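This is final38.cif. It holds mmCIF, C-alpha atoms and all ligand atoms.
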```
data_run
#
loop_
_atom_site.label_atom_id
_atom_site.label_comp_id
_atom_site.auth_asym_id
_atom_site.auth_seq_id
_atom_site.Cartn_x
_atom_site.Cartn_y
_atom_site.Cartn_z
CA MET A 1 69.50 20.04 30.26
CA LYS A 2 66.39 17.83 30.06
CA LYS A 3 68.14 15.72 27.44
CA LEU A 4 71.21 15.36 29.68
CA LYS A 5 69.04 14.13 32.59
CA TYR A 6 67.35 11.63 30.27
CA LEU A 7 70.72 10.34 29.06
CA ALA A 8 71.93 10.01 32.66
CA VAL A 9 68.87 7.88 33.54
CA ILE A 10 69.46 5.66 30.50
CA ALA A 11 73.14 5.27 31.45
CA LEU A 12 72.21 4.32 35.02
CA LEU A 13 69.70 1.74 33.79
CA SER A 14 72.27 0.20 31.45
CA ILE A 15 74.80 -0.05 34.26
CA SER A 16 72.26 -1.72 36.57
CA GLY A 17 71.83 -4.48 33.92
CA GLY A 18 70.01 -7.71 34.85
CA CYS A 19 66.60 -8.79 33.68
CA SER A 20 65.04 -6.29 31.33
CA VAL A 21 61.63 -6.65 32.90
CA ILE A 22 62.24 -7.30 36.58
CA HIS A 23 64.44 -4.18 36.83
CA ALA A 24 61.82 -1.67 35.83
CA SER A 25 62.75 1.63 34.21
CA ALA A 26 62.60 5.08 35.80
CA GLY A 27 59.18 5.96 37.20
CA TYR A 28 56.80 3.38 38.59
CA HIS A 29 56.36 0.37 36.31
CA PRO A 30 55.46 -2.68 38.38
CA VAL A 31 55.63 -6.01 36.60
CA LEU A 32 52.37 -7.90 36.23
CA ILE A 33 52.69 -11.62 36.79
CA ALA A 34 49.85 -13.71 35.39
CA HIS A 35 49.21 -16.21 38.17
CA ARG A 36 48.85 -19.62 36.47
CA GLY A 37 48.10 -17.55 33.35
CA SER A 38 44.93 -15.54 33.08
CA SER A 39 43.44 -18.04 35.50
CA ALA A 40 40.31 -16.04 36.41
CA ILE A 41 39.22 -16.34 32.78
CA GLU A 42 40.64 -19.62 31.43
CA PRO A 43 41.54 -22.96 33.06
CA GLU A 44 44.75 -22.42 35.02
CA HIS A 45 48.12 -23.40 33.55
CA THR A 46 46.64 -24.23 30.15
CA ALA A 47 47.65 -22.85 26.76
CA LEU A 48 44.36 -20.90 26.74
CA SER A 49 45.21 -19.30 30.06
CA TYR A 50 48.74 -18.35 28.99
CA ALA A 51 47.65 -17.06 25.56
CA ARG A 52 45.04 -14.83 27.20
CA ALA A 53 47.61 -13.50 29.70
CA ILE A 54 49.98 -12.58 26.88
CA LYS A 55 47.17 -10.99 24.87
CA ASP A 56 46.20 -8.96 27.95
CA LYS A 57 49.76 -7.70 28.34
CA ALA A 58 51.00 -9.55 31.39
CA ASP A 59 54.75 -9.07 31.80
CA TYR A 60 55.21 -12.67 32.93
CA ILE A 61 53.29 -15.90 32.77
CA GLU A 62 53.59 -17.83 36.01
CA ILE A 63 54.19 -21.57 35.97
CA ASP A 64 54.04 -23.91 38.98
CA LEU A 65 56.27 -26.90 38.38
CA ARG A 66 55.84 -30.50 39.44
CA GLU A 67 57.43 -33.72 38.24
CA THR A 68 55.59 -36.67 36.73
CA LYS A 69 56.41 -40.22 37.83
CA ASP A 70 58.70 -40.54 34.81
CA GLY A 71 60.52 -37.29 35.52
CA HIS A 72 58.93 -34.73 33.19
CA LEU A 73 58.47 -31.16 34.43
CA ILE A 74 54.83 -30.17 34.04
CA ALA A 75 52.75 -27.09 34.85
CA ILE A 76 50.40 -27.85 37.71
CA HIS A 77 49.96 -26.34 41.14
CA ASP A 78 48.44 -29.06 43.30
CA LYS A 79 49.91 -32.28 44.64
CA THR A 80 47.02 -34.12 43.00
CA VAL A 81 45.29 -33.72 39.64
CA ASP A 82 41.85 -33.83 41.31
CA ARG A 83 40.93 -30.14 41.47
CA THR A 84 42.05 -29.05 38.00
CA THR A 85 41.31 -32.10 35.83
CA ASP A 86 38.77 -34.86 35.32
CA GLY A 87 41.22 -37.38 36.79
CA LYS A 88 42.30 -38.45 40.24
CA GLY A 89 45.61 -39.18 41.92
CA MET A 90 48.95 -37.79 42.99
CA THR A 91 50.70 -35.93 40.19
CA ASP A 92 54.02 -37.65 40.88
CA ASP A 93 52.35 -41.09 40.77
CA LEU A 94 51.25 -40.54 37.17
CA SER A 95 53.37 -40.87 34.04
CA LEU A 96 53.32 -38.16 31.39
CA ALA A 97 51.27 -40.48 29.15
CA GLN A 98 48.65 -40.83 31.91
CA ILE A 99 48.71 -37.08 32.59
CA LYS A 100 48.15 -36.36 28.91
CA LYS A 101 44.87 -38.29 28.93
CA LEU A 102 43.34 -35.79 31.40
CA ASN A 103 41.11 -32.85 30.58
CA ALA A 104 42.46 -29.75 32.34
CA GLY A 105 39.37 -27.70 31.42
CA LYS A 106 37.74 -26.77 28.08
CA GLY A 107 39.41 -29.87 26.60
CA GLU A 108 42.92 -28.51 27.30
CA LYS A 109 45.82 -30.75 28.29
CA ILE A 110 48.28 -30.34 31.13
CA LEU A 111 51.46 -28.99 29.53
CA THR A 112 55.10 -29.80 30.04
CA LEU A 113 57.41 -26.85 30.64
CA GLU A 114 59.03 -27.55 27.27
CA GLU A 115 55.67 -27.45 25.51
CA ILE A 116 54.89 -24.07 27.04
CA ILE A 117 58.24 -22.68 25.98
CA GLN A 118 57.94 -24.19 22.50
CA LYS A 119 54.50 -22.64 22.11
CA PHE A 120 55.23 -19.13 23.41
CA GLY A 121 59.00 -18.91 22.86
CA GLN A 122 60.45 -15.44 23.14
CA THR A 123 56.99 -13.81 23.01
CA ALA A 124 56.60 -14.41 26.75
CA ASN A 125 58.53 -13.91 29.97
CA TYR A 126 58.43 -16.89 32.31
CA TYR A 127 58.07 -16.74 36.10
CA ILE A 128 58.59 -20.29 37.25
CA GLU A 129 58.05 -21.76 40.70
CA THR A 130 60.18 -24.62 41.99
CA ARG A 131 59.38 -26.67 45.06
CA GLU A 132 60.98 -29.41 47.06
CA SER A 133 59.76 -32.93 46.48
CA ASN A 134 59.46 -34.57 49.91
CA GLY A 135 62.47 -32.55 51.04
CA SER A 136 64.55 -33.39 47.94
CA LEU A 137 65.61 -31.07 45.15
CA VAL A 138 64.69 -32.87 41.94
CA MET A 139 63.73 -30.21 39.43
CA GLU A 140 66.40 -27.50 39.53
CA LYS A 141 68.94 -29.08 37.16
CA LYS A 142 66.27 -30.05 34.62
CA LEU A 143 64.78 -26.58 34.80
CA ILE A 144 68.07 -24.76 34.27
CA ASP A 145 68.97 -27.11 31.40
CA ILE A 146 65.66 -26.33 29.67
CA LEU A 147 65.97 -22.56 30.22
CA GLN A 148 69.55 -22.53 28.97
CA LYS A 149 68.71 -24.71 25.97
CA HIS A 150 66.04 -22.22 24.93
CA LYS A 151 68.31 -19.24 25.76
CA LEU A 152 65.71 -17.81 28.11
CA ILE A 153 68.22 -16.81 30.78
CA SER A 154 70.65 -15.07 28.45
CA SER A 155 67.74 -13.19 26.88
CA HIS A 156 66.45 -12.15 30.35
CA LYS A 157 63.12 -13.87 29.84
CA ALA A 158 63.03 -16.13 32.89
CA VAL A 159 62.66 -15.63 36.63
CA ILE A 160 62.59 -18.41 39.19
CA GLU A 161 60.54 -18.17 42.40
CA SER A 162 60.34 -20.53 45.34
CA PHE A 163 59.25 -20.83 48.95
CA SER A 164 62.34 -23.03 49.32
CA GLY A 165 65.58 -21.14 49.97
CA LYS A 166 67.36 -24.46 49.49
CA SER A 167 65.98 -24.76 45.97
CA LEU A 168 66.94 -21.20 45.04
CA LYS A 169 70.45 -21.65 46.39
CA LYS A 170 70.84 -24.75 44.24
CA VAL A 171 69.64 -22.78 41.20
CA ARG A 172 72.09 -19.97 42.04
CA SER A 173 74.95 -22.48 42.29
CA MET A 174 74.18 -23.63 38.74
CA ASP A 175 73.40 -20.26 37.20
CA LYS A 176 74.56 -16.87 38.43
CA LYS A 177 72.32 -14.77 36.21
CA VAL A 178 68.72 -15.88 36.44
CA PRO A 179 66.78 -13.50 38.76
CA LEU A 180 65.46 -15.27 41.86
CA VAL A 181 62.41 -14.51 43.97
CA ARG A 182 62.28 -15.89 47.49
CA LEU A 183 58.63 -16.39 48.41
CA LEU A 184 57.82 -15.99 52.10
CA LYS A 185 55.32 -18.17 53.88
CA ASP A 186 52.87 -16.13 55.93
CA ASN A 187 54.62 -16.93 59.22
CA GLU A 188 57.96 -15.85 57.73
CA ALA A 189 56.49 -12.65 56.28
CA GLU A 190 54.91 -11.71 59.61
CA GLU A 191 58.27 -11.73 61.35
CA ILE A 192 60.67 -10.71 58.62
CA ASN A 193 63.60 -8.60 59.84
CA ASP A 194 66.67 -6.95 58.33
CA LYS A 195 68.98 -9.82 59.22
CA GLN A 196 66.77 -12.38 57.48
CA LEU A 197 66.41 -10.13 54.45
CA GLN A 198 70.17 -9.73 54.20
CA THR A 199 70.53 -13.53 54.31
CA ILE A 200 67.97 -13.89 51.50
CA ARG A 201 69.80 -11.19 49.57
CA THR A 202 72.88 -13.42 49.37
CA TYR A 203 71.04 -15.54 46.78
CA ALA A 204 67.82 -13.77 45.69
CA ASP A 205 66.96 -10.38 44.20
CA THR A 206 63.32 -10.14 45.18
CA VAL A 207 61.02 -11.14 48.03
CA GLY A 208 57.48 -12.37 47.33
CA LEU A 209 54.79 -12.34 49.97
CA ASN A 210 51.03 -12.36 50.41
CA ALA A 211 49.62 -8.87 49.90
CA LYS A 212 47.58 -9.14 53.09
CA LEU A 213 50.90 -8.98 54.99
CA ALA A 214 52.60 -6.39 52.78
CA ASN A 215 51.88 -3.30 54.84
CA GLU A 216 53.78 -0.08 54.22
CA ALA A 217 56.39 -0.86 56.88
CA VAL A 218 57.17 -4.28 55.39
CA VAL A 219 57.44 -2.93 51.85
CA LYS A 220 59.73 -0.14 53.07
CA ARG A 221 61.86 -2.60 55.03
CA ILE A 222 62.38 -4.79 51.97
CA HIS A 223 63.22 -1.77 49.80
CA HIS A 224 65.55 -0.47 52.51
CA ASN A 225 67.38 -3.80 52.26
CA LYS A 226 67.77 -3.16 48.53
CA MET A 227 65.44 -5.89 47.37
CA LYS A 228 62.31 -5.79 45.25
CA VAL A 229 58.86 -6.74 46.56
CA HIS A 230 56.40 -8.88 44.61
CA VAL A 231 52.98 -9.54 46.10
CA PHE A 232 50.52 -12.35 45.56
CA PHE A 233 46.93 -12.58 46.73
CA ASP A 234 44.38 -14.87 48.26
CA LYS A 235 41.83 -15.02 45.44
CA GLU A 236 39.15 -13.21 47.44
CA ASP A 237 41.51 -10.30 48.30
CA GLU A 238 42.80 -9.52 44.82
CA HIS A 239 40.38 -6.72 43.95
CA THR A 240 40.56 -5.09 47.38
CA LEU A 241 44.32 -5.22 47.75
CA THR A 242 45.58 -4.60 44.19
CA PRO A 243 45.06 -0.80 44.30
CA ILE A 244 46.65 -0.66 47.76
CA MET A 245 49.70 -2.61 46.59
CA LEU A 246 50.10 -0.31 43.59
CA LYS A 247 49.87 2.70 45.89
CA GLN A 248 52.59 1.19 48.07
CA LYS A 249 54.76 0.80 44.98
CA ALA A 250 55.14 -2.96 45.04
CA ASP A 251 57.61 -3.81 42.27
CA GLY A 252 55.58 -6.76 41.06
CA VAL A 253 51.95 -7.76 41.39
CA PHE A 254 50.48 -11.19 40.75
CA THR A 255 47.17 -11.21 38.97
CA ASN A 256 44.57 -13.77 37.95
CA ASN A 257 43.37 -11.30 35.32
CA PRO A 258 46.10 -9.13 33.77
CA ALA A 259 43.59 -6.93 31.90
CA TYR A 260 41.95 -6.03 35.21
CA THR A 261 45.25 -5.19 36.93
CA ARG A 262 46.55 -3.28 33.90
CA GLY A 263 43.34 -1.19 34.08
CA VAL A 264 43.75 -0.48 37.81
CA LEU A 265 47.35 0.54 37.18
CA GLN A 266 46.40 2.91 34.38
CA ASN A 267 43.62 4.49 36.44
CA SER A 268 45.97 5.00 39.38
CA LYS A 269 48.41 7.13 37.32
O1 LIG A 301 53.41 -18.46 43.45
C1 LIG A 301 53.34 -17.50 44.42
C2 LIG A 301 51.95 -17.34 44.88
O2 LIG A 301 51.12 -17.50 43.82
C3 LIG A 301 51.52 -18.16 45.99
O3 LIG A 301 51.81 -19.45 45.81
O4 LIG A 301 51.94 -21.42 44.50
O5 LIG A 301 50.16 -21.19 46.24
O6 LIG A 301 49.98 -19.96 44.12
P1 LIG A 301 50.90 -20.55 45.13
#
```
So that I can check it, write out the structure of this file as structure tokens.
Ligand code: G3P
Amino acid sequence: MKKLKYLAVIALLSISGGCSVIHASAGYHPVLIAHRGSSAIEPEHTALSYARAIKDKADYIEIDLRETKDGHLIAIHDKTVDRTTDGKGMTDDLSLAQIKKLNAGKGEKILTLEEIIQKFGQTANYYIETRESNGSLVMEKKLIDILQKHKLISSHKAVIESFSGKSLKKVRSMDKKVPLVRLLKDNEAEEINDKQLQTIRTYADTVGLNAKLANEAVVKRIHHNKMKVHVFFDKEDEHTLTPIMLKQKADGVFTNNPAYTRGVLQNSK
């Protein structure tokens, strides 16, 4: 009888299909998303940060995308290179050659998306954030081309997240399979209702919001609307809110230190 139940669960999981990681198996197995890599330990978005995240068993490495002046997709969060490198200036005012001269911490370089994928290949899962560029959608086609070229969508190794519904809809129009996460700004998360969630569900599988706003009612509402919930943190809240988010059964948890979050998860079982 036990064996029959087990087989039924396996059959259900196979039918549900989709991304092998984002659709967790029976029981509670939240995905751990290494925010800019293991960014509490190594300089964010660098090879060191991503290697550490993979070593510490993150399910995904997170990559913020921006475009250089000459149209290369690179991994950097801020509008300017000032905070994370020894240089100055707007990221999209600098060419890739200029970007490559900068020290992103511990002598590391800012990486292009292609370099990250070439380095980590199929050993990593990629959770990639798109954004609008002054209201325009400039990165979606390039991103999908790169992911398809490296077969990361067909092998269920890529997820795309964005605060821009417009960007995600463009991605969905080009690729029907890649899982999409609609990030909510705090003001959107505070007022989210069933109607808005159903609209998001027409193009995305998962909703991402700041953990400080992910109370039990919000998490239940998102689940009730048949979507997954991923939570991110203000840096100073991560240690306080991680155990609470795991207790509330968030489907995905961002982390600046995957080893820490993996430990909290194990201790909470
Ligand atoms: O990426 C989602 C979350 O980390 C919050 O956004 O881009 O400000 O780090 P960001």
Requested in this report: Fewer than 5 positions away in the same chain doesn't count, so skip those; otherwise give me all residues within 7 Å of range 228-231 of chain A, counting only C-alpha atoms, as a PyMOL selection string.
Outcome: chain A and resi 205-211+219+222-223+250-254
**Report entry** Residue nearest ligand LIG 301 (chain A) - candidates A:Glu238, A:Glu115, A:Asp145, A:Glu62, atoms counted: all atoms listed in the file
**Finding:** A:Glu62
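Take CA of Gly263 in chain A and CA of Gly105 in chain A: the distance between them is 26.9 Å.
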Query raised in the report: When the cut-off is 10 Å and you count all atoms listed in the file, which residues lie near ligand LIG 301 (chain A), shown as a ChimeraX atom specification?
Result: /A:33-36,62-65,76-78,127-131,161-163,181-185,208-210,230-235,254-256
Report task. For Gln266 in chain A, list every protein, DNA or RNA residue within 12 Å, evaluated using only C-alpha atoms, and leave out those in the same chain fewer than 6 positions away; present the list as a list in words. Result -> Tyr28, His29, Pro30, Pro243, Leu246, Ala259 and Tyr260 of chain A
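Shortest atom-to-atom contact with Thr112 in chain A among A:Leu152, A:Leu180, A:Leu143, A:Ala124: A:Leu143, counting all atoms listed in the file.
Take CA of Asn257 in chain A and CA of Ser38 in chain A: the distance between them is 5.0 Å.
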**Report entry** Using only C-alpha atoms: which of A:Lys106, A:Lys269, A:Lys69, A:Lys212 has the shortest distance to Met90 in chain A
**Finding:** A:Lys69
Requested in this report: One decimal, Å: what's the distance from CA of Glu216 in chain A over to CA of Val159 in chain A, could you say?
Outcome: 25.1 Å
Query raised in the report: Can you tell me, as a PyMOL selection string, which residues sit within 10 Å of (58.2, -34.0, 37.0) in the file's frame, using all atoms listed in the file?
Result: chain A and resi 65-76+91-96+112-113+133+138-139+142
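Counting all atoms listed in the file and comparing A:Asp194, A:Asp82, A:Glu132, A:Glu236, the residue that lies closest to Ser164 in chain A is A:Glu132.
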Query raised in the report: Gln118 in chain A: which residues within 12 Å, counting all atoms listed in the file, same-chain residues fewer than 4 positions away excluded, as JSON, numbers by chain?
Result: {"A": [47, 111, 112, 113, 114, 122, 123, 124, 146, 147, 149, 150, 151, 152]}
Query raised in the report: Which residue out of A:Ile200, A:Leu32, A:Leu102, A:Ala214 has the minimum interatomic distance to Lys88 in chain A when all atoms listed in the file are used?
Result: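 Closest to Lys88 in chain A of all the choices is A:Leu102.
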Just add N, CA and C atoms to range 171-195 of chain A and send it as a PDB file, keeping the file's coordinate frame.
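Dumped to out10.pdb:
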```pdb
ATOM      1  N   VAL A 171      69.718 -23.445  42.511  1.00  0.00           N
ATOM      2  CA  VAL A 171      69.640 -22.780  41.200  1.00  0.00           C
ATOM      3  C   VAL A 171      70.807 -21.796  41.065  1.00  0.00           C
ATOM      4  N   ARG A 172      71.029 -20.991  42.102  1.00  0.00           N
ATOM      5  CA  ARG A 172      72.090 -19.970  42.040  1.00  0.00           C
ATOM      6  C   ARG A 172      73.467 -20.627  41.851  1.00  0.00           C
ATOM      7  N   SER A 173      73.650 -21.819  42.448  1.00  0.00           N
ATOM      8  CA  SER A 173      74.950 -22.480  42.290  1.00  0.00           C
ATOM      9  C   SER A 173      75.158 -22.965  40.846  1.00  0.00           C
ATOM     10  N   MET A 174      74.058 -23.161  40.134  1.00  0.00           N
ATOM     11  CA  MET A 174      74.180 -23.630  38.740  1.00  0.00           C
ATOM     12  C   MET A 174      74.158 -22.484  37.745  1.00  0.00           C
ATOM     13  N   ASP A 175      73.520 -21.388  38.126  1.00  0.00           N
ATOM     14  CA  ASP A 175      73.400 -20.260  37.200  1.00  0.00           C
ATOM     15  C   ASP A 175      73.431 -18.956  38.009  1.00  0.00           C
ATOM     16  N   LYS A 176      74.365 -18.110  37.658  1.00  0.00           N
ATOM     17  CA  LYS A 176      74.560 -16.870  38.430  1.00  0.00           C
ATOM     18  C   LYS A 176      73.638 -15.746  37.967  1.00  0.00           C
ATOM     19  N   LYS A 177      73.005 -15.922  36.816  1.00  0.00           N
ATOM     20  CA  LYS A 177      72.320 -14.770  36.210  1.00  0.00           C
ATOM     21  C   LYS A 177      70.804 -14.735  36.381  1.00  0.00           C
ATOM     22  N   VAL A 178      70.178 -15.892  36.437  1.00  0.00           N
ATOM     23  CA  VAL A 178      68.720 -15.880  36.440  1.00  0.00           C
ATOM     24  C   VAL A 178      68.198 -15.170  37.707  1.00  0.00           C
ATOM     25  N   PRO A 179      67.300 -14.176  37.568  1.00  0.00           N
ATOM     26  CA  PRO A 179      66.780 -13.500  38.760  1.00  0.00           C
ATOM     27  C   PRO A 179      65.961 -14.471  39.630  1.00  0.00           C
ATOM     28  N   LEU A 180      66.132 -14.351  40.941  1.00  0.00           N
ATOM     29  CA  LEU A 180      65.460 -15.270  41.860  1.00  0.00           C
ATOM     30  C   LEU A 180      64.551 -14.515  42.828  1.00  0.00           C
ATOM     31  N   VAL A 181      63.400 -15.097  43.059  1.00  0.00           N
ATOM     32  CA  VAL A 181      62.410 -14.510  43.970  1.00  0.00           C
ATOM     33  C   VAL A 181      62.196 -15.480  45.128  1.00  0.00           C
ATOM     34  N   ARG A 182      62.518 -15.033  46.318  1.00  0.00           N
ATOM     35  CA  ARG A 182      62.280 -15.890  47.490  1.00  0.00           C
ATOM     36  C   ARG A 182      60.884 -15.576  48.025  1.00  0.00           C
ATOM     37  N   LEU A 183      59.986 -16.553  47.878  1.00  0.00           N
ATOM     38  CA  LEU A 183      58.630 -16.390  48.410  1.00  0.00           C
ATOM     39  C   LEU A 183      58.658 -16.638  49.913  1.00  0.00           C
ATOM     40  N   LEU A 184      57.900 -15.830  50.639  1.00  0.00           N
ATOM     41  CA  LEU A 184      57.820 -15.990  52.100  1.00  0.00           C
ATOM     42  C   LEU A 184      56.495 -16.619  52.471  1.00  0.00           C
ATOM     43  N   LYS A 185      56.568 -17.645  53.318  1.00  0.00           N
ATOM     44  CA  LYS A 185      55.320 -18.170  53.880  1.00  0.00           C
ATOM     45  C   LYS A 185      54.783 -17.115  54.831  1.00  0.00           C
ATOM     46  N   ASP A 186      53.475 -17.181  55.114  1.00  0.00           N
ATOM     47  CA  ASP A 186      52.870 -16.130  55.930  1.00  0.00           C
ATOM     48  C   ASP A 186      53.592 -15.953  57.270  1.00  0.00           C
ATOM     49  N   ASN A 187      53.948 -17.072  57.911  1.00  0.00           N
ATOM     50  CA  ASN A 187      54.620 -16.930  59.220  1.00  0.00           C
ATOM     51  C   ASN A 187      55.999 -16.296  59.090  1.00  0.00           C
ATOM     52  N   GLU A 188      56.659 -16.507  57.950  1.00  0.00           N
ATOM     53  CA  GLU A 188      57.960 -15.850  57.730  1.00  0.00           C
ATOM     54  C   GLU A 188      57.760 -14.352  57.469  1.00  0.00           C
ATOM     55  N   ALA A 189      56.737 -14.051  56.647  1.00  0.00           N
ATOM     56  CA  ALA A 189      56.490 -12.650  56.280  1.00  0.00           C
ATOM     57  C   ALA A 189      56.117 -11.819  57.506  1.00  0.00           C
ATOM     58  N   GLU A 190      55.361 -12.443  58.412  1.00  0.00           N
ATOM     59  CA  GLU A 190      54.910 -11.710  59.610  1.00  0.00           C
ATOM     60  C   GLU A 190      56.068 -11.262  60.478  1.00  0.00           C
ATOM     61  N   GLU A 191      57.172 -12.029  60.412  1.00  0.00           N
ATOM     62  CA  GLU A 191      58.270 -11.730  61.350  1.00  0.00           C
ATOM     63  C   GLU A 191      59.550 -11.307  60.649  1.00  0.00           C
ATOM     64  N   ILE A 192      59.450 -10.946  59.385  1.00  0.00           N
ATOM     65  CA  ILE A 192      60.670 -10.710  58.620  1.00  0.00           C
ATOM     66  C   ILE A 192      61.465  -9.515  59.197  1.00  0.00           C
ATOM     67  N   ASN A 193      62.763  -9.696  59.329  1.00  0.00           N
ATOM     68  CA  ASN A 193      63.600  -8.600  59.840  1.00  0.00           C
ATOM     69  C   ASN A 193      64.790  -8.372  58.910  1.00  0.00           C
ATOM     70  N   ASP A 194      65.569  -7.326  59.225  1.00  0.00           N
ATOM     71  CA  ASP A 194      66.670  -6.950  58.330  1.00  0.00           C
ATOM     72  C   ASP A 194      67.681  -8.081  58.172  1.00  0.00           C
ATOM     73  N   LYS A 195      67.965  -8.762  59.271  1.00  0.00           N
ATOM     74  CA  LYS A 195      68.980  -9.820  59.220  1.00  0.00           C
ATOM     75  C   LYS A 195      68.548 -10.929  58.257  1.00  0.00           C
TER      76      LYS A 195
END
```
